[in-house]
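Visitor: If it helps, the file is called final.cif and holds mmCIF, C-alpha atoms (C1' of nucleotides):
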```cif
data_structure
loop_
_atom_site.label_atom_id
_atom_site.label_comp_id
_atom_site.auth_asym_id
_atom_site.auth_seq_id
_atom_site.Cartn_x
_atom_site.Cartn_y
_atom_site.Cartn_z
CA MET N 1 10.57 -0.18 -19.49
CA PRO N 2 7.69 1.31 -17.47
CA SER N 3 6.53 -0.92 -14.65
CA GLY N 4 3.15 -1.00 -12.97
CA THR N 5 -0.01 0.54 -14.35
CA MET N 6 -0.09 3.42 -16.76
CA LYS N 7 -1.71 5.59 -14.09
CA GLU N 8 1.30 5.02 -11.87
CA THR N 9 3.66 5.69 -14.75
CA ILE N 10 1.98 9.01 -15.46
CA LYS N 11 2.28 9.95 -11.81
CA ARG N 12 5.93 8.96 -11.66
CA VAL N 13 6.77 10.85 -14.85
CA SER N 14 4.87 13.89 -13.58
CA ILE N 15 6.82 13.85 -10.33
CA ASP N 16 10.07 13.86 -12.28
CA LEU N 17 8.97 16.70 -14.52
CA PHE N 18 7.32 18.83 -11.84
CA PHE N 19 10.49 18.46 -9.78
CA LYS N 20 12.78 19.38 -12.64
CA LYS N 21 10.80 22.13 -14.37
CA GLY N 22 7.94 23.06 -12.08
CA TYR N 23 4.22 22.45 -12.43
CA PHE N 24 3.29 25.35 -14.68
CA ALA N 25 6.34 24.93 -16.87
CA THR N 26 5.46 21.29 -17.48
CA SER N 27 2.95 20.54 -20.22
CA ILE N 28 0.59 17.62 -20.57
CA SER N 29 2.34 16.83 -23.86
CA GLU N 30 5.62 16.32 -22.03
CA ILE N 31 4.02 14.09 -19.44
CA ALA N 32 2.44 12.06 -22.24
CA ARG N 33 5.72 11.82 -24.12
CA GLY N 34 7.50 10.65 -21.01
CA SER N 35 4.79 8.09 -20.36
CA GLY N 36 4.89 6.79 -23.89
CA ILE N 37 1.31 7.67 -24.82
CA GLN N 38 -0.58 10.47 -26.57
CA LYS N 39 -1.56 13.46 -24.51
CA ALA N 40 -5.28 12.82 -24.95
CA SER N 41 -4.80 9.43 -23.33
CA ILE N 42 -3.73 11.14 -20.12
CA TYR N 43 -7.35 12.16 -19.68
CA TYR N 44 -8.46 8.57 -19.51
CA HIS N 45 -6.53 8.26 -16.24
CA TYR N 46 -6.81 11.76 -14.80
CA THR N 47 -9.54 14.33 -15.25
CA SER N 48 -7.13 17.25 -15.40
CA LYS N 49 -3.54 18.33 -15.00
CA GLU N 50 -4.40 19.71 -11.61
CA GLU N 51 -5.71 16.32 -10.51
CA ILE N 52 -2.30 14.82 -11.19
CA LEU N 53 -0.69 17.42 -8.97
CA PHE N 54 -3.29 16.96 -6.27
CA SER N 55 -2.87 13.20 -6.36
CA ILE N 56 0.88 13.58 -5.86
CA LEU N 57 0.51 15.99 -2.96
CA GLN N 58 -2.21 13.94 -1.34
CA SER N 59 -0.30 10.67 -1.24
CA THR N 60 2.88 12.46 -0.18
CA MET N 61 1.18 14.13 2.75
CA ASP N 62 -0.57 10.92 3.76
CA ASP N 63 2.62 8.93 3.73
CA LEU N 64 4.52 11.69 5.50
CA THR N 65 2.13 11.78 8.42
CA PHE N 66 1.90 8.01 8.60
CA TYR N 67 5.68 7.76 8.62
CA LEU N 68 5.97 10.25 11.46
CA LYS N 69 3.30 8.61 13.60
CA SER N 70 4.94 5.22 13.12
CA SER N 71 8.30 6.64 14.16
CA LEU N 72 6.87 8.17 17.32
CA ALA N 73 4.84 5.15 18.38
CA GLY N 74 5.87 3.89 21.79
CA ILE N 75 8.31 6.69 22.56
CA ASP N 76 7.50 8.68 25.69
CA ASP N 77 10.58 10.72 26.55
CA VAL N 78 10.17 14.15 25.04
CA GLU N 79 13.76 14.52 23.92
CA GLU N 80 13.67 11.11 22.29
CA ARG N 81 10.38 12.02 20.63
CA MET N 82 11.95 15.12 19.11
CA ARG N 83 14.96 13.15 17.92
CA ALA N 84 12.68 10.56 16.35
CA ALA N 85 10.50 13.22 14.76
CA VAL N 86 13.48 15.00 13.22
CA GLU N 87 14.93 11.76 11.98
CA SER N 88 11.62 10.68 10.49
CA HIS N 89 11.11 14.03 8.81
CA VAL N 90 14.60 14.18 7.37
CA ARG N 91 14.60 10.59 6.24
CA PHE N 92 11.26 10.86 4.49
CA HIS N 93 12.25 14.09 2.76
CA LEU N 94 15.51 12.70 1.50
CA GLU N 95 14.13 9.34 0.48
CA ARG N 96 11.26 10.87 -1.40
CA GLN N 97 12.99 14.06 -2.36
CA LYS N 98 11.11 14.95 -5.50
CA GLU N 99 7.60 14.56 -4.19
CA ASN N 100 8.44 16.53 -1.09
CA PHE N 101 10.03 19.30 -3.07
CA ILE N 102 6.86 19.56 -5.13
CA ALA N 103 4.72 19.49 -2.01
CA ASN N 104 6.63 22.49 -0.73
CA SER N 105 6.70 24.58 -3.86
CA GLU N 106 3.71 23.86 -6.05
CA LEU N 107 0.75 24.44 -3.76
CA ARG N 108 -0.22 27.41 -5.90
CA GLY N 109 -1.13 25.08 -8.72
CA LEU N 110 -4.05 23.64 -6.75
CA THR N 111 -7.69 24.67 -6.92
CA PRO N 112 -8.81 26.53 -3.80
CA ALA N 113 -10.64 23.45 -2.49
CA HIS N 114 -7.68 21.14 -3.00
CA TYR N 115 -5.36 23.77 -1.60
CA ARG N 116 -7.34 23.90 1.61
CA GLU N 117 -7.28 20.15 1.89
CA ILE N 118 -3.51 19.90 1.58
CA VAL N 119 -2.86 22.81 3.90
CA THR N 120 -5.11 21.21 6.50
CA ARG N 121 -3.05 18.04 6.38
CA ARG N 122 0.15 20.02 6.60
CA ASP N 123 -1.16 21.86 9.64
CA GLU N 124 -1.98 18.56 11.33
CA TYR N 125 1.54 17.40 10.68
CA GLU N 126 3.04 20.59 12.06
CA ARG N 127 0.90 20.32 15.16
CA ILE N 128 2.64 17.08 16.13
CA PHE N 129 5.97 18.89 16.17
CA GLN N 130 4.49 21.83 18.04
CA GLU N 131 3.17 19.55 20.75
CA ILE N 132 6.57 17.99 21.28
CA ILE N 133 8.22 21.39 21.52
CA SER N 134 5.54 22.62 23.85
CA ASP N 135 5.82 19.56 26.08
CA GLY N 136 9.60 19.90 26.18
CA SER N 137 9.37 23.55 27.10
CA LYS N 138 6.88 22.94 29.89
CA GLY N 139 8.91 20.04 31.24
CA GLY N 140 12.10 22.08 31.33
CA VAL N 141 13.87 19.83 28.84
CA PHE N 142 13.88 22.58 26.26
CA ALA N 143 14.27 26.29 26.85
CA ASP N 144 11.22 28.53 26.95
CA VAL N 145 11.02 28.98 23.19
CA ASP N 146 8.48 30.39 20.74
CA VAL N 147 6.70 27.19 19.71
CA LYS N 148 5.26 28.37 16.40
CA ILE N 149 8.42 29.92 15.04
CA LEU N 150 10.68 27.14 16.22
CA SER N 151 8.42 24.49 14.70
CA TYR N 152 8.49 26.26 11.35
CA ALA N 153 12.23 26.63 11.68
CA ILE N 154 12.82 22.96 12.43
CA LEU N 155 10.56 21.74 9.68
CA THR N 156 11.93 24.07 7.04
CA LEU N 157 15.45 23.24 8.04
CA CYS N 158 14.95 19.52 7.50
CA THR N 159 12.84 20.06 4.42
CA ALA N 160 15.63 22.10 2.94
CA GLY N 161 17.63 18.94 2.57
CA ALA N 162 15.30 17.98 -0.23
CA THR N 163 16.49 20.94 -2.27
CA TRP N 164 20.17 20.12 -2.34
CA TYR N 165 20.45 16.43 -1.39
CA LYS N 166 22.05 14.15 -3.95
CA PRO N 167 21.90 10.41 -3.27
CA THR N 168 25.44 10.11 -4.61
CA GLY N 169 26.74 12.89 -2.39
CA ARG N 170 29.29 13.02 0.38
CA LEU N 171 26.99 12.08 3.23
CA THR N 172 24.44 9.34 3.82
CA ILE N 173 20.90 10.03 4.90
CA ASP N 174 21.74 8.76 8.38
CA GLU N 175 24.66 11.13 8.72
CA ILE N 176 22.61 14.10 7.56
CA ALA N 177 19.81 13.23 9.95
CA GLN N 178 22.33 12.96 12.77
CA ILE N 179 23.74 16.41 12.04
CA TYR N 180 20.28 17.93 12.08
CA GLU N 181 19.33 16.13 15.26
CA THR N 182 22.32 17.45 17.14
CA PHE N 183 21.89 20.98 15.84
CA ILE N 184 18.19 21.13 16.57
CA LEU N 185 18.37 19.59 20.02
CA SER N 186 21.12 22.01 21.03
CA GLY N 187 19.09 24.85 19.59
CA LEU N 188 16.08 23.82 21.60
CA LYS N 189 17.89 23.32 24.88
CA GLN N 190 19.91 26.51 24.60
CA LYS N 191 22.39 25.53 27.30
CA ASP N 192 25.15 28.08 27.17
CA ASP N 193 28.34 28.24 29.16
CA ILE N 194 28.89 31.24 31.38
CA SER N 195 32.56 31.67 30.54
CA SER N 196 31.87 34.52 28.15
CA MET O 1 -1.04 56.30 -8.29
CA PRO O 2 2.16 54.73 -9.61
CA SER O 3 5.29 56.55 -8.57
CA GLY O 4 8.67 56.62 -10.24
CA THR O 5 9.41 55.61 -13.81
CA MET O 6 7.35 53.12 -15.77
CA LYS O 7 10.27 50.71 -15.79
CA GLU O 8 10.22 50.67 -12.01
CA THR O 9 6.46 50.27 -11.96
CA ILE O 10 6.67 47.23 -14.21
CA LYS O 11 9.29 45.72 -11.94
CA ARG O 12 7.26 46.40 -8.83
CA VAL O 13 4.11 44.95 -10.35
CA SER O 14 6.04 41.91 -11.56
CA ILE O 15 7.43 41.31 -8.08
CA ASP O 16 3.92 41.33 -6.68
CA LEU O 17 2.60 38.96 -9.32
CA PHE O 18 5.56 36.59 -9.35
CA PHE O 19 5.29 36.40 -5.57
CA LYS O 20 1.57 35.75 -5.61
CA LYS O 21 1.20 33.46 -8.62
CA GLY O 22 4.68 32.41 -9.64
CA TYR O 23 6.73 33.37 -12.69
CA PHE O 24 5.30 30.89 -15.18
CA ALA O 25 1.75 31.41 -14.05
CA THR O 26 2.06 35.16 -14.58
CA SER O 27 1.49 36.51 -18.08
CA ILE O 28 2.88 39.62 -19.70
CA SER O 29 -0.70 40.78 -20.17
CA GLU O 30 -1.26 40.73 -16.44
CA ILE O 31 1.93 42.65 -15.78
CA ALA O 32 0.84 45.21 -18.37
CA ARG O 33 -2.64 45.48 -16.89
CA GLY O 34 -1.18 46.00 -13.43
CA SER O 35 1.18 48.64 -14.77
CA GLY O 36 -1.58 50.49 -16.61
CA ILE O 37 -0.15 50.06 -20.10
CA GLN O 38 -0.57 47.74 -23.08
CA LYS O 39 1.44 44.59 -23.18
CA ALA O 40 3.40 45.70 -26.25
CA SER O 41 4.68 48.63 -24.25
CA ILE O 42 6.33 46.29 -21.79
CA TYR O 43 8.80 45.44 -24.55
CA TYR O 44 9.90 49.03 -24.80
CA HIS O 45 11.33 48.74 -21.29
CA TYR O 46 12.36 45.08 -21.18
CA THR O 47 13.45 42.81 -23.99
CA SER O 48 11.64 39.77 -22.63
CA LYS O 49 9.70 38.37 -19.73
CA GLU O 50 12.82 36.59 -18.58
CA GLU O 51 14.72 39.87 -18.46
CA ILE O 52 12.21 41.19 -15.94
CA LEU O 53 12.82 38.17 -13.75
CA PHE O 54 16.57 38.44 -14.13
CA SER O 55 16.49 42.12 -13.28
CA ILE O 56 14.60 41.37 -10.07
CA LEU O 57 16.95 38.60 -9.01
CA GLN O 58 20.04 40.60 -9.89
CA SER O 59 19.19 43.63 -7.82
CA THR O 60 17.98 41.47 -4.96
CA MET O 61 21.21 39.51 -4.82
CA ASP O 62 23.31 42.64 -5.11
CA ASP O 63 21.50 44.36 -2.29
CA LEU O 64 21.55 41.23 -0.17
CA THR O 65 25.31 40.89 -0.34
CA PHE O 66 25.88 44.59 0.16
CA TYR O 67 23.62 44.52 3.20
CA LEU O 68 25.52 41.62 4.73
CA LYS O 69 28.94 43.11 4.13
CA SER O 70 27.84 46.40 5.67
CA SER O 71 26.52 44.58 8.72
CA LEU O 72 29.78 42.71 9.21
CA ALA O 73 32.07 45.66 8.70
CA GLY O 74 34.24 46.31 11.72
CA ILE O 75 33.18 43.23 13.69
CA ASP O 76 36.01 40.86 14.57
CA ASP O 77 34.68 38.49 17.22
CA VAL O 78 33.45 35.37 15.48
CA GLU O 79 30.35 34.91 17.59
CA GLU O 80 29.39 38.52 17.08
CA ARG O 81 29.97 38.11 13.37
CA MET O 82 27.59 35.18 13.25
CA ARG O 83 24.98 37.08 15.22
CA ALA O 84 25.31 40.04 12.89
CA ALA O 85 25.15 37.83 9.82
CA VAL O 86 22.01 36.08 10.98
CA GLU O 87 20.39 39.35 11.91
CA SER O 88 21.28 40.90 8.57
CA HIS O 89 20.02 37.89 6.66
CA VAL O 90 16.74 37.69 8.55
CA ARG O 91 16.11 41.38 8.43
CA PHE O 92 16.72 41.67 4.71
CA HIS O 93 14.51 38.68 3.95
CA LEU O 94 11.64 39.98 6.01
CA GLU O 95 11.93 43.56 4.84
CA ARG O 96 12.04 42.56 1.20
CA GLN O 97 10.00 39.44 1.52
CA LYS O 98 8.58 39.16 -1.97
CA GLU O 99 11.79 39.63 -3.90
CA ASN O 100 13.58 37.15 -1.72
CA PHE O 101 10.86 34.61 -2.05
CA ILE O 102 11.11 34.91 -5.82
CA ALA O 103 14.89 34.66 -5.66
CA ASN O 104 14.53 31.38 -3.83
CA SER O 105 11.85 29.78 -5.95
CA GLU O 106 12.01 31.06 -9.50
CA LEU O 107 15.58 30.39 -10.57
CA ARG O 108 14.26 27.84 -13.05
CA GLY O 109 12.73 30.62 -15.10
CA LEU O 110 16.16 31.99 -16.01
CA THR O 111 18.16 31.28 -19.14
CA PRO O 112 21.20 29.07 -18.49
CA ALA O 113 23.56 32.05 -18.69
CA HIS O 114 21.52 34.15 -16.29
CA TYR O 115 21.03 31.17 -14.03
CA ARG O 116 24.77 30.72 -13.71
CA GLU O 117 25.22 34.38 -12.93
CA ILE O 118 22.70 34.37 -10.09
CA VAL O 119 23.94 31.09 -8.65
CA THR O 120 27.48 32.46 -8.65
CA ARG O 121 26.35 35.43 -6.60
CA ARG O 122 24.45 33.18 -4.25
CA ASP O 123 27.53 31.02 -3.77
CA GLU O 124 29.60 34.07 -2.92
CA TYR O 125 27.05 35.04 -0.33
CA GLU O 126 27.01 31.57 1.19
CA ARG O 127 30.77 31.53 1.36
CA ILE O 128 30.73 34.42 3.81
CA PHE O 129 28.61 32.38 6.18
CA GLN O 130 30.75 29.31 5.69
CA GLU O 131 33.87 31.24 6.59
CA ILE O 132 32.36 32.44 9.82
CA ILE O 133 31.28 28.92 10.76
CA SER O 134 34.67 27.55 9.81
CA ASP O 135 36.51 30.21 11.83
CA GLY O 136 34.27 29.56 14.81
CA SER O 137 34.85 25.85 14.63
CA LYS O 138 38.62 26.21 14.40
CA GLY O 139 38.70 28.69 17.23
CA GLY O 140 36.68 26.43 19.49
CA VAL O 141 33.82 28.91 19.80
CA PHE O 142 31.55 26.59 17.85
CA ALA O 143 31.48 22.81 17.94
CA ASP O 144 33.23 20.83 15.25
CA VAL O 145 30.35 20.97 12.80
CA ASP O 146 29.82 20.16 9.12
CA VAL O 147 30.32 23.59 7.59
CA LYS O 148 28.48 23.06 4.32
CA ILE O 149 25.37 21.49 5.78
CA LEU O 150 25.16 23.88 8.68
CA SER O 151 25.53 26.89 6.40
CA TYR O 152 22.70 25.66 4.22
CA ALA O 153 20.67 24.96 7.32
CA ILE O 154 21.19 28.41 8.78
CA LEU O 155 20.48 30.21 5.55
CA THR O 156 17.37 28.21 4.72
CA LEU O 157 16.09 28.62 8.21
CA CYS O 158 16.24 32.38 8.08
CA THR O 159 15.04 32.49 4.50
CA ALA O 160 12.00 30.49 5.51
CA GLY O 161 10.76 33.49 7.37
CA ALA O 162 10.00 35.06 4.03
CA THR O 163 7.43 32.37 3.31
CA TRP O 164 5.23 32.89 6.31
CA TYR O 165 6.10 36.35 7.64
CA LYS O 166 3.29 38.87 7.75
CA PRO O 167 4.17 42.46 8.60
CA THR O 168 0.99 42.70 10.67
CA GLY O 169 1.75 39.51 12.58
CA ARG O 170 2.39 38.76 16.20
CA LEU O 171 6.13 39.45 16.22
CA THR O 172 8.34 42.25 14.99
CA ILE O 173 11.28 41.67 12.70
CA ASP O 174 13.63 42.33 15.60
CA GLU O 175 11.96 39.72 17.77
CA ILE O 176 12.06 37.11 15.01
CA ALA O 177 15.72 37.83 14.33
CA GLN O 178 16.45 37.49 18.04
CA ILE O 179 14.76 34.08 18.20
CA TYR O 180 16.76 32.83 15.26
CA GLU O 181 20.01 34.20 16.65
CA THR O 182 19.59 32.39 19.94
CA PHE O 183 18.54 29.15 18.30
CA ILE O 184 21.36 29.16 15.77
CA LEU O 185 24.10 30.15 18.19
CA SER O 186 23.05 27.40 20.59
CA GLY O 187 22.93 24.96 17.72
CA LEU O 188 26.43 25.93 16.65
CA LYS O 189 27.96 25.77 20.11
CA GLN O 190 26.26 22.53 21.06
CA LYS O 191 26.98 22.91 24.76
CA ASP O 192 25.02 20.18 26.44
CA ASP O 193 24.66 19.42 30.09
CA ILE O 194 25.95 16.09 31.32
CA SER O 195 23.08 15.42 33.68
CA SER O 196 21.46 12.98 31.30
"C1'" DT K 1 10.99 82.74 -31.95
"C1'" DG K 2 9.54 79.66 -35.47
"C1'" DT K 3 10.34 75.38 -37.88
"C1'" DG K 4 11.90 71.01 -39.11
"C1'" DT K 5 13.81 66.78 -36.95
"C1'" DT K 6 14.57 63.35 -33.70
"C1'" DC K 7 13.46 60.81 -29.57
"C1'" DT K 8 10.41 58.89 -25.93
"C1'" DA K 9 6.79 56.15 -24.57
"C1'" DC K 10 3.16 54.25 -25.79
"C1'" DC K 11 -0.77 52.07 -28.83
"C1'" DG K 12 -3.84 48.40 -31.37
"C1'" DA K 13 -3.47 44.59 -34.31
"C1'" DC K 14 -1.56 40.56 -35.11
"C1'" DC K 15 1.97 36.62 -35.51
"C1'" DG K 16 3.02 31.49 -35.06
"C1'" DG K 17 2.76 28.42 -31.67
"C1'" DT K 18 1.31 25.91 -27.54
"C1'" DC K 19 -1.82 25.27 -23.94
"C1'" DG K 20 -5.29 22.12 -21.48
"C1'" DT K 21 -9.10 19.72 -22.88
"C1'" DT K 22 -12.79 17.12 -25.61
"C1'" DA K 23 -15.03 14.10 -29.19
"C1'" DG K 24 -15.19 10.27 -31.70
"C1'" DT K 25 -12.82 5.99 -33.15
"C1'" DT K 26 -10.03 1.84 -33.13
"C1'" DG K 27 -7.54 -2.30 -31.80
"C1'" DA K 28 -6.73 -5.60 -28.15
"C1'" DT K 29 -8.51 -8.55 -24.26
"C1'" DG K 30 -11.73 -11.33 -22.20
"C1'" DC T 1 -19.61 -8.54 -28.24
"C1'" DA T 2 -18.46 -5.56 -24.47
"C1'" DT T 3 -15.03 -3.20 -22.04
"C1'" DC T 4 -10.74 -1.20 -21.68
"C1'" DA T 5 -7.01 1.66 -23.07
"C1'" DA T 6 -5.29 3.65 -26.22
"C1'" DC T 7 -5.56 6.50 -30.68
"C1'" DT T 8 -6.27 10.71 -34.22
"C1'" DA T 9 -7.99 15.07 -34.83
"C1'" DA T 10 -9.46 19.10 -33.47
"C1'" DC T 11 -11.13 22.88 -30.25
"C1'" DG T 12 -11.00 27.75 -28.36
"C1'" DA T 13 -8.13 30.33 -25.48
"C1'" DC T 14 -4.10 32.28 -24.57
"C1'" DC T 15 0.87 32.57 -24.78
"C1'" DG T 16 5.25 35.59 -25.47
"C1'" DG T 17 6.63 38.52 -28.75
"C1'" DT T 18 6.64 41.74 -33.07
"C1'" DC T 19 4.74 44.97 -36.18
"C1'" DG T 20 3.92 49.63 -38.04
"C1'" DG T 21 2.35 53.69 -36.38
"C1'" DT T 22 1.81 58.08 -33.50
"C1'" DA T 23 1.15 61.99 -29.97
"C1'" DG T 24 3.92 64.95 -27.82
"C1'" DA T 25 8.11 66.54 -25.70
"C1'" DA T 26 12.98 67.90 -26.66
"C1'" DC T 27 16.33 69.58 -29.49
"C1'" DA T 28 18.87 71.99 -33.49
"C1'" DC T 29 19.23 75.68 -36.08
"C1'" DA T 30 17.65 79.88 -38.71
#
```
Please rewrite the model in this file as structure tokens.
Guide:
Amino acid sequence: MPSGTMKETIKRVSIDLFFKKGYFATSISEIARGSGIQKASIYYHYTSKEEILFSILQSTMDDLTFYLKSSLAGIDDVEERMRAAVESHVRFHLERQKENFIANSELRGLTPAHYREIVTRRDEYERIFQEIISDGSKGGVFADVDVKILSYAILTLCTAGATWYKPTGRLTIDEIAQIYETFILSGLKQKDDISS
Amino acid sequence: MPSGTMKETIKRVSIDLFFKKGYFATSISEIARGSGIQKASIYYHYTSKEEILFSILQSTMDDLTFYLKSSLAGIDDVEERMRAAVESHVRFHLERQKENFIANSELRGLTPAHYREIVTRRDEYERIFQEIISDGSKGGVFADVDVKILSYAILTLCTAGATWYKPTGRLTIDEIAQIYETFILSGLKQKDDISS
DNA sequence: TGTGTTCTACCGACCGGTCGTTAGTTGATG
DNA sequence: CATCAACTAACGACCGGTCGGTAGAACACA
């Protein structure tokens, strides 16, 4: 049943369990059981439970940033850049729901050194969004908004999809991304009618 | 140093610890140490660790809903209702940051029965927002939006404040609430210029 | 007011069990 | 015959929770 190497299996099983029960509530024994080996054998592939978590967060953050940069490549118009960024962010979070959920809720399980490393990557990622917002504000495409707060807002909003999204649900990933795009762009432009 | 009854102290200490370390990563011994008593004495006031968590979530949800209903009382205009709802939601989450953070991240620590109870209350709360959005859409004040997704989006967005807000930070609660109000109302109305 | 009784709020010791982790060993692969 | 990838067995630490016990306040009644 399990495909690929055992190390990958352990990681995949851990993602499932960390997503379902949380990092601290998941035991090495459970991961081993799910992987079809004894719990001691886990330590042949990973030095510690924390290293499994770190490995998950690391690859997730790497892929996330790579995905965003690919989506933005070659796009110059600031509004189109924001649309692409939102779409990339939403798509990645929904396609790799579990890992992203873990990345947003289990940072406390990391050692201080690993924590810093992940937070640094996250900050880099956020900075890309902040630059787009800032550019849009300066260029008059967006309203004169608070860049920091709005960037957090936009990211959290899209990330939130990963908490309730069900692949079998009412809407497709494309439709959800479209809804968010429209909402966010309107929120950034803040064009209001004067008929009130 | 500790004020009020011991039962309240235990709850307060637990809120601090659950917020800082998470429910599963917090031990009864730590709660006892923080409360200045032995761990056995915890069980005089609470029947289990889970009951402490449940008690926190219960009172938080109760207060949250009460707060919202009070804020909406007497307001009829749908746009004003949404503004008031957002402001109430943001304010409560920032003022009682720790409890709300726990309420949004530690539901998995509950027994199935308690879980259902809290989720039911959360659903009731969400329904109030959904009704406002739905009314606004029907009345033409808001665009024809996806009520469910937008309600989740709005709630998560405001809730997110509780993850990064620092009372000593750059902005006051009022200013943050104002930023969210403007962003959300623009996002709901979706008035765009046609100059593109 | 004095005395026996009950209640409150806590204590230290300890329970069975599980945790993450390590040591040493074994069977399969090349 | 060496290396890999798994195994069995066990470690100390700690977990949530329970136990019997107790100082002192509160209460009932003479």
Visitor: Counting only C-alpha atoms, which residues in chain O sit no more than 7 Å from chain N? For each one, give the nearest pair of atoms and the distance in Å, sorted by chain then residue number, as JSON lines.
Guide:
```
{"residue": "O:Lys21", "atom": "CA", "partner": "N:Arg108", "partner_atom": "CA", "distance": 6.8}
{"residue": "O:Phe24", "atom": "CA", "partner": "N:Phe24", "partner_atom": "CA", "distance": 5.9}
{"residue": "O:Ala25", "atom": "CA", "partner": "N:Phe24", "partner_atom": "CA", "distance": 6.3}
{"residue": "O:Arg108", "atom": "CA", "partner": "N:Lys21", "partner_atom": "CA", "distance": 6.8}
{"residue": "O:Ala153", "atom": "CA", "partner": "N:Leu157", "partner_atom": "CA", "distance": 5.5}
{"residue": "O:Thr156", "atom": "CA", "partner": "N:Leu157", "partner_atom": "CA", "distance": 6.3}
{"residue": "O:Leu157", "atom": "CA", "partner": "N:Leu157", "partner_atom": "CA", "distance": 5.4}
{"residue": "O:Ala160", "atom": "CA", "partner": "N:Thr156", "partner_atom": "CA", "distance": 6.6}
{"residue": "O:Phe183", "atom": "CA", "partner": "N:Gly187", "partner_atom": "CA", "distance": 4.5}
{"residue": "O:Ile184", "atom": "CA", "partner": "N:Gly187", "partner_atom": "CA", "distance": 6.2}
{"residue": "O:Ser186", "atom": "CA", "partner": "N:Gly187", "partner_atom": "CA", "distance": 4.8}
{"residue": "O:Gly187", "atom": "CA", "partner": "N:Gly187", "partner_atom": "CA", "distance": 4.3}
{"residue": "O:Leu188", "atom": "CA", "partner": "N:Phe183", "partner_atom": "CA", "distance": 6.8}
{"residue": "O:Gln190", "atom": "CA", "partner": "N:Ser186", "partner_atom": "CA", "distance": 5.2}
{"residue": "O:Lys191", "atom": "CA", "partner": "N:Lys191", "partner_atom": "CA", "distance": 5.9}
{"residue": "O:Asp192", "atom": "CA", "partner": "N:Lys191", "partner_atom": "CA", "distance": 6.0}
```
Visitor: Evaluate the PyMOL selection byres ((chain T) within 12 of (chain N)) against this structure - the residues, as an NGL selection string, please.
Guide: :T and (4-10)
Visitor: Please write the residues picked by the PyMOL selection byres ((chain K) within 8 of (chain O)) on this file as a ChimeraX atom specification.
Guide: /K:9-11
Visitor: Mind writing the picked residues with C-alpha atoms (C1' of nucleotides) as a PDB file, in the coordinates of the input?
Guide:
```
ATOM      1  C1'  DA K   9       6.790  56.150 -24.570  1.00  0.00           C
ATOM      2  C1'  DC K  10       3.160  54.250 -25.790  1.00  0.00           C
ATOM      3  C1'  DC K  11      -0.770  52.070 -28.830  1.00  0.00           C
TER       4       DC K  11
END
```
Visitor: Would you translate the PyMOL selection byres ((chain T and resi 21-24) around 12) into the concrete set of residues it matches in this file, as a PyMOL selection string?
Guide: (chain K and resi 7-13) or (chain T and resi 19-20+25-26)
Visitor: Hey, can I get the axis-aligned box for segment 34-37 of chain N? All listed atoms, 4 Å padding on each side, centre and edge lengths in Å to one decimal, as JSON.
Guide:
```
{"center_x": 4.4, "center_y": 8.7, "center_z": -22.6, "size_x": 14.2, "size_y": 11.9, "size_z": 12.5}
```
Visitor: Can you list, as a list in words, every protein, DNA or RNA residue that comes within 12 Å of DG30 of chain K when you count only C-alpha atoms (C1' of nucleotides), leaving out same-chain residues fewer than 4 positions away?
Guide: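 Counting only C-alpha atoms (C1' of nucleotides), the residues come to DC1, DA2, DT3 and DC4 of chain T.
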Visitor: As a ChimeraX atom specification, please: the residues near DC15 of chain T (cut-off 8 Å, all atoms listed in the file, same-chain neighbours under 5 positions excluded).
Guide: /O:27 /K:18-19
Visitor: In Å, how far is it from atom CA of Arg96 of chain N to atom CA of Leu110 of chain N?
Guide: 20.6 Å
Visitor: Env of DC11 of chain T: 10 Å cut, atoms = only C-alpha atoms (C1' of nucleotides), seq-sep filter 5 positions within chain, self excluded. Answer as a PyMOL selection string.
Guide: chain K and resi 21-23
Visitor: Could you state the separation of atom CA of Met61 of chain O and atom CA of Ile31 of chain O in Å, given to one decimal place?
Guide: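 Atom-to-atom, atom CA of Met61 of chain O to atom CA of Ile31 of chain O, that is 22.4 Å.
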Visitor: Do you have the atom CA of Lys7 of chain N-atom CA of Thr65 of chain N distance handy?
Guide: 23.7 Å
Visitor: Tell me which of O:Leu57, O:Ala84, O:Val147, O:Ile10 sits closest to Ile102 of chain O, counting only C-alpha atoms.
Guide: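 The shortest atom-to-atom distance to Ile102 of chain O comes from O:Leu57.
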Visitor: Env of Glu117 of chain O: 12 Å cut, atoms = only C-alpha atoms (C1' of nucleotides), seq-sep filter 3 positions within chain, self excluded. Answer as a list in words.
Guide: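 The neighbour list is Phe54, Ser55, Leu57, Gln58, Met61, Asp62, Leu107, Leu110, Thr111, Pro112, Ala113, His114, Thr120, Arg121, Arg122, Asp123 and Glu124 of chain O.
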Visitor: Near Val78 of chain N, counting all atoms listed in the file, which residues have an atom at most 9 Å away, once you skip same-chain residues fewer than 4 positions from it, shown as a ChimeraX atom specification?
Guide: /N:82-83,132-133,135-136,139,141
